[in-house]
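Undergrad: What follows is the file entry_15.cif, containing mmCIF, C-alpha atoms and all ligand atoms:
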data_coords
#
loop_
_atom_site.label_atom_id
_atom_site.label_comp_id
_atom_site.auth_asym_id
_atom_site.auth_seq_id
_atom_site.Cartn_x
_atom_site.Cartn_y
_atom_site.Cartn_z
CA MET A 1365 50.92 22.57 5.08
CA PRO A 1366 50.71 26.32 4.46
CA LEU A 1367 53.29 28.46 6.28
CA PRO A 1368 52.06 29.72 9.66
CA LYS A 1369 51.56 33.44 9.30
CA ALA A 1370 49.94 36.53 10.82
CA GLU A 1371 47.62 38.72 8.79
CA LEU A 1372 48.00 42.40 9.66
CA HIS A 1373 46.09 44.16 6.88
CA LEU A 1374 42.59 42.83 6.49
CA HIS A 1375 39.34 44.79 6.27
CA ILE A 1376 36.61 42.53 7.65
CA GLU A 1377 34.03 44.19 5.37
CA GLY A 1378 36.30 43.27 2.45
CA THR A 1379 35.85 39.57 3.21
CA LEU A 1380 32.18 39.67 2.21
CA GLU A 1381 31.96 37.03 -0.52
CA PRO A 1382 29.14 37.36 -3.10
CA GLU A 1383 27.38 34.22 -1.79
CA LEU A 1384 27.25 35.57 1.77
CA ALA A 1385 26.19 39.02 0.48
CA PHE A 1386 23.14 37.47 -1.19
CA GLU A 1387 22.39 35.29 1.84
CA LEU A 1388 22.44 38.31 4.17
CA ALA A 1389 20.45 40.41 1.67
CA ALA A 1390 17.70 37.76 1.69
CA ARG A 1391 17.81 37.42 5.49
CA ASN A 1392 17.50 41.19 5.99
CA GLY A 1393 15.15 42.03 3.11
CA VAL A 1394 17.77 44.23 1.44
CA ALA A 1395 17.55 44.57 -2.37
CA LEU A 1396 20.89 44.34 -4.19
CA PRO A 1397 21.15 45.87 -7.67
CA TYR A 1398 22.62 42.62 -9.08
CA ALA A 1399 20.61 39.64 -10.35
CA ASP A 1400 22.91 36.99 -8.87
CA THR A 1401 26.44 36.25 -7.70
CA ASP A 1402 27.74 35.93 -11.28
CA GLU A 1403 26.48 39.39 -12.17
CA LEU A 1404 27.93 40.77 -8.94
CA ARG A 1405 31.33 39.19 -9.65
CA LYS A 1406 31.33 40.88 -13.06
CA ALA A 1407 31.30 44.22 -11.22
CA TYR A 1408 34.71 43.38 -9.69
CA GLN A 1409 36.65 45.28 -12.35
CA PHE A 1410 38.37 48.22 -10.72
CA GLU A 1411 40.07 51.26 -12.22
CA ASP A 1412 41.51 52.54 -8.97
CA LEU A 1413 40.90 52.66 -5.22
CA GLN A 1414 37.74 54.79 -5.50
CA SER A 1415 35.99 52.50 -7.99
CA PHE A 1416 36.54 49.62 -5.55
CA LEU A 1417 35.40 51.67 -2.54
CA ASN A 1418 32.12 52.49 -4.28
CA LEU A 1419 31.21 48.78 -4.48
CA TYR A 1420 32.70 48.01 -1.05
CA TYR A 1421 30.42 50.59 0.62
CA GLU A 1422 27.40 49.62 -1.49
CA LEU A 1423 27.55 45.95 -0.50
CA MET A 1424 27.83 46.77 3.21
CA ALA A 1425 24.09 47.52 3.10
CA VAL A 1426 23.48 43.82 3.78
CA LEU A 1427 25.28 43.95 7.16
CA ARG A 1428 22.64 44.88 9.72
CA THR A 1429 22.62 42.66 12.82
CA GLU A 1430 25.12 41.26 15.32
CA ARG A 1431 24.61 37.86 13.71
CA ASP A 1432 25.58 39.27 10.30
CA PHE A 1433 28.91 40.54 11.66
CA GLU A 1434 29.45 37.24 13.49
CA ASP A 1435 28.81 35.23 10.31
CA LEU A 1436 31.07 37.53 8.29
CA ALA A 1437 33.95 37.15 10.75
CA ASN A 1438 33.50 33.38 11.12
CA ALA A 1439 33.57 32.93 7.34
CA TYR A 1440 36.83 34.90 7.16
CA LEU A 1441 38.44 33.03 10.08
CA ALA A 1442 37.61 29.63 8.56
CA ARG A 1443 39.18 30.58 5.21
CA ALA A 1444 42.19 32.20 6.87
CA ALA A 1445 42.82 29.15 9.07
CA ALA A 1446 42.88 26.92 5.99
CA GLN A 1447 45.63 29.15 4.57
CA GLY A 1448 47.89 29.03 7.63
CA VAL A 1449 46.83 32.26 9.37
CA ARG A 1450 47.47 31.89 13.13
CA HIS A 1451 46.96 35.51 14.15
CA ALA A 1452 44.83 38.24 12.55
CA GLU A 1453 44.72 41.97 13.27
CA ILE A 1454 41.38 42.92 11.78
CA PHE A 1455 40.27 46.36 10.57
CA PHE A 1456 36.68 47.48 10.73
CA ASP A 1457 35.02 50.68 9.45
CA PRO A 1458 32.41 51.76 12.04
CA GLN A 1459 31.56 55.06 10.31
CA ALA A 1460 30.29 53.18 7.26
CA HIS A 1461 27.88 51.30 9.54
CA LEU A 1462 26.91 54.18 11.83
CA ALA A 1463 25.89 56.12 8.70
CA ARG A 1464 23.38 53.36 7.93
CA GLY A 1465 21.96 53.35 11.46
CA VAL A 1466 23.94 50.29 12.58
CA GLY A 1467 25.43 51.08 15.99
CA MET A 1468 28.96 50.59 17.30
CA GLY A 1469 27.63 47.95 19.74
CA THR A 1470 26.07 45.87 16.96
CA VAL A 1471 29.33 45.87 15.03
CA VAL A 1472 31.76 45.22 17.90
CA ASP A 1473 29.55 42.76 19.80
CA GLY A 1474 28.76 40.91 16.56
CA LEU A 1475 32.39 40.67 15.50
CA TRP A 1476 33.36 39.63 19.03
CA ARG A 1477 30.89 36.71 18.96
CA ALA A 1478 33.26 35.25 16.36
CA LEU A 1479 36.61 36.67 17.52
CA GLY A 1480 36.04 35.73 21.17
CA GLY A 1481 35.93 32.05 20.24
CA SER A 1482 38.44 32.19 17.41
CA GLU A 1483 41.43 30.65 19.19
CA ALA A 1484 39.40 27.61 20.22
CA GLU A 1485 37.36 27.41 17.02
CA HIS A 1486 39.88 28.34 14.32
CA GLY A 1487 43.30 28.35 16.03
CA ILE A 1488 43.64 32.08 15.27
CA SER A 1489 44.34 34.76 17.88
CA THR A 1490 42.88 38.13 16.95
CA ARG A 1491 43.03 41.86 17.55
CA LEU A 1492 40.55 44.52 16.40
CA ILE A 1493 41.66 47.81 14.84
CA LEU A 1494 39.09 50.58 14.43
CA CYS A 1495 39.66 52.54 11.23
CA PHE A 1496 38.64 56.14 10.60
CA LEU A 1497 37.44 56.97 7.09
CA ARG A 1498 39.85 59.64 5.86
CA ASP A 1499 37.33 61.08 3.38
CA GLU A 1500 35.05 61.90 6.33
CA SER A 1501 35.75 64.89 8.57
CA ALA A 1502 38.14 65.06 11.51
CA GLU A 1503 35.11 65.81 13.74
CA SER A 1504 33.42 62.61 12.60
CA ALA A 1505 36.56 60.65 13.50
CA LEU A 1506 36.54 62.19 16.99
CA GLU A 1507 32.85 61.31 17.42
CA THR A 1508 33.60 57.76 16.30
CA LEU A 1509 36.38 57.40 18.88
CA GLU A 1510 33.97 58.71 21.51
CA ALA A 1511 31.34 56.14 20.45
CA ALA A 1512 33.98 53.40 20.75
CA LYS A 1513 34.88 54.23 24.38
CA PRO A 1514 32.55 51.61 25.93
CA TYR A 1515 34.20 48.93 23.76
CA LEU A 1516 37.88 49.70 24.26
CA ASP A 1517 38.47 46.44 26.14
CA ARG A 1518 38.09 44.75 22.75
CA ILE A 1519 39.84 47.31 20.52
CA THR A 1520 43.64 47.25 20.28
CA GLY A 1521 44.29 50.14 17.96
CA VAL A 1522 43.18 52.68 15.41
CA GLY A 1523 43.85 52.93 11.68
CA LEU A 1524 43.05 55.21 8.77
CA ASP A 1525 41.59 54.02 5.47
CA SER A 1526 39.34 54.89 2.48
CA ALA A 1527 40.16 57.45 -0.26
CA GLU A 1528 43.73 58.57 0.36
CA VAL A 1529 44.63 61.34 -2.10
CA GLY A 1530 43.57 64.77 -0.82
CA HIS A 1531 43.16 63.48 2.75
CA PRO A 1532 46.64 63.69 4.29
CA PRO A 1533 47.36 62.19 7.70
CA VAL A 1534 47.69 65.63 9.35
CA LYS A 1535 43.90 66.01 9.08
CA PHE A 1536 43.65 63.37 11.86
CA ARG A 1537 46.29 64.66 14.26
CA GLU A 1538 43.83 65.33 17.08
CA VAL A 1539 42.02 61.99 16.99
CA TYR A 1540 45.34 60.08 16.90
CA GLU A 1541 46.55 62.07 19.92
CA ALA A 1542 43.32 61.16 21.72
CA ALA A 1543 43.70 57.50 20.71
CA ALA A 1544 47.28 57.42 22.00
CA ALA A 1545 46.13 58.94 25.30
CA LEU A 1546 43.64 56.06 25.59
CA GLY A 1547 46.49 53.56 25.19
CA LEU A 1548 45.52 52.49 21.67
CA ARG A 1549 48.11 51.32 19.13
CA ARG A 1550 48.33 53.36 15.91
CA VAL A 1551 48.59 52.38 12.24
CA ALA A 1552 47.49 54.15 9.03
CA HIS A 1553 47.18 53.47 5.33
CA ALA A 1554 49.75 55.67 3.59
CA GLY A 1555 51.54 55.58 0.27
CA GLU A 1556 49.02 53.30 -1.46
CA GLU A 1557 47.81 55.94 -3.95
CA GLY A 1558 49.07 58.90 -1.95
CA PRO A 1559 52.61 60.32 -2.16
CA PRO A 1560 55.61 59.33 0.02
CA GLU A 1561 55.09 62.54 2.04
CA TYR A 1562 51.92 60.98 3.51
CA ILE A 1563 54.05 58.14 4.91
CA THR A 1564 56.42 60.61 6.59
CA GLU A 1565 53.44 62.53 7.95
CA ALA A 1566 51.80 59.36 9.30
CA LEU A 1567 55.02 58.64 11.21
CA ASP A 1568 55.76 62.17 12.43
CA VAL A 1569 52.28 63.57 13.03
CA LEU A 1570 50.17 60.51 13.82
CA GLY A 1571 52.91 58.48 15.51
CA VAL A 1572 52.06 55.27 13.68
CA GLU A 1573 53.99 52.12 14.56
CA ARG A 1574 53.25 50.39 11.28
CA VAL A 1575 52.38 51.64 7.80
CA ASP A 1576 49.62 49.98 5.76
CA HIS A 1577 50.72 49.57 2.14
CA GLY A 1578 53.56 52.13 2.15
CA LEU A 1579 54.41 51.03 -1.38
CA ARG A 1580 55.27 54.50 -2.64
CA CYS A 1581 58.12 54.88 -0.13
CA MET A 1582 60.22 53.45 -2.96
CA GLU A 1583 60.08 56.87 -4.65
CA ASP A 1584 62.03 58.43 -1.78
CA PRO A 1585 65.40 56.81 -0.91
CA ALA A 1586 65.80 58.87 2.28
CA LEU A 1587 62.40 57.63 3.48
CA VAL A 1588 63.33 54.02 2.69
CA GLU A 1589 66.51 54.48 4.72
CA ARG A 1590 64.50 55.82 7.63
CA LEU A 1591 61.93 52.99 7.51
CA VAL A 1592 64.78 50.47 7.52
CA ARG A 1593 66.63 52.23 10.34
CA GLU A 1594 63.53 52.54 12.52
CA ARG A 1595 62.32 49.02 11.67
CA ILE A 1596 58.85 50.31 10.69
CA PRO A 1597 56.82 47.40 9.31
CA LEU A 1598 54.94 47.77 6.02
CA THR A 1599 51.79 45.71 5.44
CA LEU A 1600 51.86 45.07 1.70
CA CYS A 1601 48.90 43.64 -0.21
CA PRO A 1602 50.19 42.44 -3.60
CA LEU A 1603 46.96 41.14 -5.18
CA SER A 1604 45.17 44.31 -4.05
CA ASN A 1605 47.85 46.45 -5.74
CA VAL A 1606 47.27 44.68 -9.06
CA ARG A 1607 43.45 44.82 -8.86
CA LEU A 1608 43.50 48.53 -7.93
CA ARG A 1609 46.13 49.19 -10.59
CA THR A 1610 48.77 50.56 -8.25
CA VAL A 1611 51.03 48.00 -9.93
CA ASP A 1612 50.47 46.94 -13.57
CA VAL A 1613 51.18 43.24 -13.17
CA LEU A 1614 52.32 41.17 -10.23
CA ALA A 1615 55.67 40.45 -11.89
CA ASP A 1616 56.41 44.22 -11.60
CA HIS A 1617 55.65 44.36 -7.86
CA PRO A 1618 58.48 46.08 -5.92
CA LEU A 1619 58.36 43.51 -3.07
CA PRO A 1620 61.75 41.90 -3.96
CA ALA A 1621 63.41 45.33 -4.19
CA MET A 1622 61.81 46.31 -0.88
CA LEU A 1623 63.15 43.17 0.82
CA ASP A 1624 66.57 43.77 -0.74
CA ALA A 1625 66.50 47.31 0.65
CA GLY A 1626 66.06 45.83 4.13
CA LEU A 1627 62.46 46.93 4.67
CA LEU A 1628 60.37 44.94 7.17
CA CYS A 1629 57.73 43.79 4.67
CA THR A 1630 54.68 41.65 5.34
CA VAL A 1631 52.22 40.14 2.84
CA ASN A 1632 48.48 40.46 3.45
CA SER A 1633 45.16 40.23 1.64
CA ASP A 1634 43.44 43.65 2.25
CA ASP A 1635 39.96 42.85 0.87
CA PRO A 1636 40.23 39.20 -0.20
CA ALA A 1637 36.65 38.75 -1.43
CA TYR A 1638 37.25 41.52 -3.97
CA PHE A 1639 40.90 41.09 -4.92
CA GLY A 1640 41.10 37.41 -5.75
CA GLY A 1641 42.79 35.84 -2.76
CA TYR A 1642 43.30 35.34 0.96
CA ALA A 1643 46.64 35.53 2.79
CA GLY A 1644 47.99 32.19 1.57
CA ASP A 1645 46.91 33.01 -2.00
CA ASN A 1646 48.94 36.24 -1.77
CA PHE A 1647 52.00 34.28 -0.57
CA ASP A 1648 51.58 31.74 -3.40
CA ALA A 1649 51.09 34.48 -6.00
CA VAL A 1650 54.19 36.47 -5.05
CA GLY A 1651 56.21 33.26 -4.82
CA ALA A 1652 55.25 32.32 -8.37
CA ALA A 1653 55.22 35.75 -10.06
CA LEU A 1654 58.34 37.15 -8.38
CA GLY A 1655 60.35 33.97 -8.13
CA LEU A 1656 60.58 34.16 -4.33
CA GLY A 1657 61.95 30.92 -2.95
CA GLU A 1658 61.09 29.11 0.27
CA GLU A 1659 63.60 31.17 2.30
CA ARG A 1660 62.10 34.51 1.27
CA LEU A 1661 58.54 33.29 1.91
CA ARG A 1662 59.62 32.10 5.36
CA GLU A 1663 61.17 35.52 5.99
CA LEU A 1664 57.84 37.16 5.08
CA ALA A 1665 55.94 34.84 7.41
CA ARG A 1666 58.44 35.55 10.22
CA ASN A 1667 58.11 39.28 9.61
CA SER A 1668 54.34 39.05 10.02
CA PHE A 1669 54.72 37.90 13.64
CA VAL A 1670 57.51 40.40 14.39
CA ALA A 1671 55.34 43.23 13.03
CA SER A 1672 52.23 42.12 14.93
CA PHE A 1673 50.93 43.53 18.19
CA LEU A 1674 51.34 40.16 19.88
CA GLU A 1675 53.56 40.20 22.94
CA ASP A 1676 56.79 38.19 22.61
CA ASP A 1677 55.63 35.08 24.46
CA GLU A 1678 52.27 35.04 22.66
CA GLU A 1679 54.10 35.51 19.36
CA ARG A 1680 56.21 32.41 19.94
CA ARG A 1681 53.14 30.32 20.79
CA ALA A 1682 51.28 31.46 17.65
CA ARG A 1683 54.07 30.44 15.26
N1 LIG B 1701 42.69 51.15 0.83
C1 LIG B 1701 42.06 52.14 1.47
N2 LIG B 1701 40.90 51.94 2.10
C2 LIG B 1701 40.36 50.73 2.10
C3 LIG B 1701 40.97 49.68 1.44
C4 LIG B 1701 42.22 49.92 0.78
O1 LIG B 1701 42.84 49.03 0.17
N3 LIG B 1701 40.17 48.61 1.64
C5 LIG B 1701 39.13 48.99 2.38
N4 LIG B 1701 39.23 50.28 2.66
ZN ZN B 1702 43.60 48.32 3.20
#
In structure tokens, how does this file's structure come out?

TA:
Amino acid sequence: MPLPKAELHLHIEGTLEPELAFELAARNGVALPYADTDELRKAYQFEDLQSFLNLYYELMAVLRTERDFEDLANAYLARAAAQGVRHAEIFFDPQAHLARGVGMGTVVDGLWRALGGSEAEHGISTRLILCFLRDESAESALETLEAAKPYLDRITGVGLDSAEVGHPPVKFREVYEAAAALGLRRVAHAGEEGPPEYITEALDVLGVERVDHGLRCMEDPALVERLVRERIPLTLCPLSNVRLRTVDVLADHPLPAMLDAGLLCTVNSDDPAYFGGYAGDNFDAVGAALGLGEERLRELARNSFVASFLEDDEERRAR
């Protein structure tokens, strides 16, 4: 039996497996510039975050209808359930869909067709987190939040993703203030490729409660001390770090040092269709490559519920 765990860093568009991409392409009459799934898989060689994002945005062209988003989410939930995921806080990137003429309603209603039945169907409770694309403008983020207002009963929080370097958190001060005023929870990717200062800024300027990745905090001992003191969770994604070359090989991953430092670390899959593994695969991989024993893996699974947006009583039931 896989350890019961919560997944807190998962881009639903990053769960699009090659087989489903081709199925949706055929259903929607969308031409993909790859002959078949083998040829597509060969394109999964990334130099850095941007080279991955190029393919990630290209393949989204197949997602067009509510049913597509429902099928995408159901495929993820089935795989996650098999790997012990009991609770998932799921990112989505509405700007990438709005730019293709796919409306906020299509995305949220489609995802909700799967998420609404997830506890009964897959044994997984869920939350939705709307992410702003940090390489788009601050105005576009504000327009996106405005477009999300009719759907806020199904959206728990906001996040910040896409190309990090050159797009510091401060650029999104206004939209995070507006999100907070609407009662939304706040997270942001920071310190994946960007410097430790972006982590500090995400905390101080955006008021985030949790940092996505946050790996580069290890370059700043005072920041590590603060993250420990304030019990700020980090949502690490080890297989993603290797595939995007943030870390050379998994055996060099700083996760053990981060746990030793007292950081509240969680292990997640990020974009599992692209990075070679779902949540349980990430747990297995760090266990094997970093020599983490049963106790440490249990600690990571426990942390995932502590760091979640589940209320205390719900958290106990999910475990
Ligand atoms: N980092 C930043 N943006 C993203 C990622 C990521 O790992 N995955 C999807 N969008
Ligand atoms: Zn991510």

Undergrad: Can you tell me which residues come within 7 Å of ligand ZN 1702 (chain B) when counting all atoms listed in the file, ideally as an mmCIF file with C-alpha atoms, in the coordinates of the input?

TA:
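Produced file out-v2.cif, reproduced below:
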data_model
loop_
_atom_site.group_PDB
_atom_site.id
_atom_site.type_symbol
_atom_site.label_atom_id
_atom_site.label_comp_id
_atom_site.auth_asym_id
_atom_site.auth_seq_id
_atom_site.Cartn_x
_atom_site.Cartn_y
_atom_site.Cartn_z
ATOM 1 C CA HIS A 1373 46.090 44.160 6.880
ATOM 2 C CA LEU A 1374 42.590 42.830 6.490
ATOM 3 C CA HIS A 1375 39.340 44.790 6.270
ATOM 4 C CA ASP A 1525 41.590 54.020 5.470
ATOM 5 C CA HIS A 1553 47.180 53.470 5.330
ATOM 6 C CA ASP A 1576 49.620 49.980 5.760
ATOM 7 C CA ASP A 1634 43.440 43.650 2.250
ATOM 8 C CA ASP A 1635 39.960 42.850 0.870
#

Undergrad: So, with only C-alpha atoms as the atoms that count, which of A:Arg1549, A:Ala1425, A:Ala1543, A:Glu1528 lies closest to Leu1674 of chain A?

TA: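 Closest residue, counting only C-alpha atoms: A:Arg1549.
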
Undergrad: Around ligand LIG 1701 (chain B), which protein and nucleic acid residues have at least one atom no more than 9 Å from it, if we count all atoms listed in the file? List them as a PDB file with C-alpha atoms, in the frame of the given file.

TA:
ATOM      1  CA  HIS A1373      46.090  44.160   6.880  1.00  0.00           C
ATOM      2  CA  LEU A1374      42.590  42.830   6.490  1.00  0.00           C
ATOM      3  CA  HIS A1375      39.340  44.790   6.270  1.00  0.00           C
ATOM      4  CA  ILE A1376      36.610  42.530   7.650  1.00  0.00           C
ATOM      5  CA  GLU A1377      34.030  44.190   5.370  1.00  0.00           C
ATOM      6  CA  GLY A1378      36.300  43.270   2.450  1.00  0.00           C
ATOM      7  CA  LEU A1413      40.900  52.660  -5.220  1.00  0.00           C
ATOM      8  CA  GLN A1414      37.740  54.790  -5.500  1.00  0.00           C
ATOM      9  CA  PHE A1416      36.540  49.620  -5.550  1.00  0.00           C
ATOM     10  CA  LEU A1417      35.400  51.670  -2.540  1.00  0.00           C
ATOM     11  CA  TYR A1420      32.700  48.010  -1.050  1.00  0.00           C
ATOM     12  CA  PHE A1455      40.270  46.360  10.570  1.00  0.00           C
ATOM     13  CA  PHE A1456      36.680  47.480  10.730  1.00  0.00           C
ATOM     14  CA  ASP A1457      35.020  50.680   9.450  1.00  0.00           C
ATOM     15  CA  CYS A1495      39.660  52.540  11.230  1.00  0.00           C
ATOM     16  CA  LEU A1497      37.440  56.970   7.090  1.00  0.00           C
ATOM     17  CA  ARG A1498      39.850  59.640   5.860  1.00  0.00           C
ATOM     18  CA  LEU A1524      43.050  55.210   8.770  1.00  0.00           C
ATOM     19  CA  ASP A1525      41.590  54.020   5.470  1.00  0.00           C
ATOM     20  CA  SER A1526      39.340  54.890   2.480  1.00  0.00           C
ATOM     21  CA  ALA A1527      40.160  57.450  -0.260  1.00  0.00           C
ATOM     22  CA  GLU A1528      43.730  58.570   0.360  1.00  0.00           C
ATOM     23  CA  HIS A1553      47.180  53.470   5.330  1.00  0.00           C
ATOM     24  CA  ALA A1554      49.750  55.670   3.590  1.00  0.00           C
ATOM     25  CA  GLU A1556      49.020  53.300  -1.460  1.00  0.00           C
ATOM     26  CA  GLU A1557      47.810  55.940  -3.950  1.00  0.00           C
ATOM     27  CA  ASP A1576      49.620  49.980   5.760  1.00  0.00           C
ATOM     28  CA  HIS A1577      50.720  49.570   2.140  1.00  0.00           C
ATOM     29  CA  CYS A1601      48.900  43.640  -0.210  1.00  0.00           C
ATOM     30  CA  SER A1604      45.170  44.310  -4.050  1.00  0.00           C
ATOM     31  CA  ASN A1605      47.850  46.450  -5.740  1.00  0.00           C
ATOM     32  CA  LEU A1608      43.500  48.530  -7.930  1.00  0.00           C
ATOM     33  CA  ASP A1634      43.440  43.650   2.250  1.00  0.00           C
ATOM     34  CA  ASP A1635      39.960  42.850   0.870  1.00  0.00           C
TER      35      ASP A1635
END

Undergrad: As a list in words, please: the residues near segment 1482-1490 of chain A (cut-off 9 Å, all atoms listed in the file, same-chain neighbours under 5 positions excluded).

TA: Ala1370, Asn1438, Leu1441, Ala1442, Ala1444, Ala1445, Ala1446, Val1449, Arg1450, His1451, Ala1452, Glu1453, Ile1454, Arg1477 and Ala1682 of chain A

Undergrad: Give the answer as one residue: which of A:Asn1667, A:Ala1625, A:His1531, A:Ala1653 has the shortest atom-to-atom distance to Leu1600 of chain A, using only C-alpha atoms?

TA: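 Closest residue, counting only C-alpha atoms: A:Asn1667.
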
Undergrad: Using all atoms listed in the file, which residue out of A:Gly1469, A:Ala1542, A:Arg1660, A:Phe1673 lies closest to Ile1493 of chain A?

TA: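 Closest candidate: A:Phe1673.
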
Undergrad: Grab the atom CA of Leu1627 of chain A to atom CA of Val1592 of chain A distance for me, in Å with one decimal place.

TA: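 Going from atom CA of Leu1627 of chain A over to atom CA of Val1592 of chain A, I get 5.1 Å.
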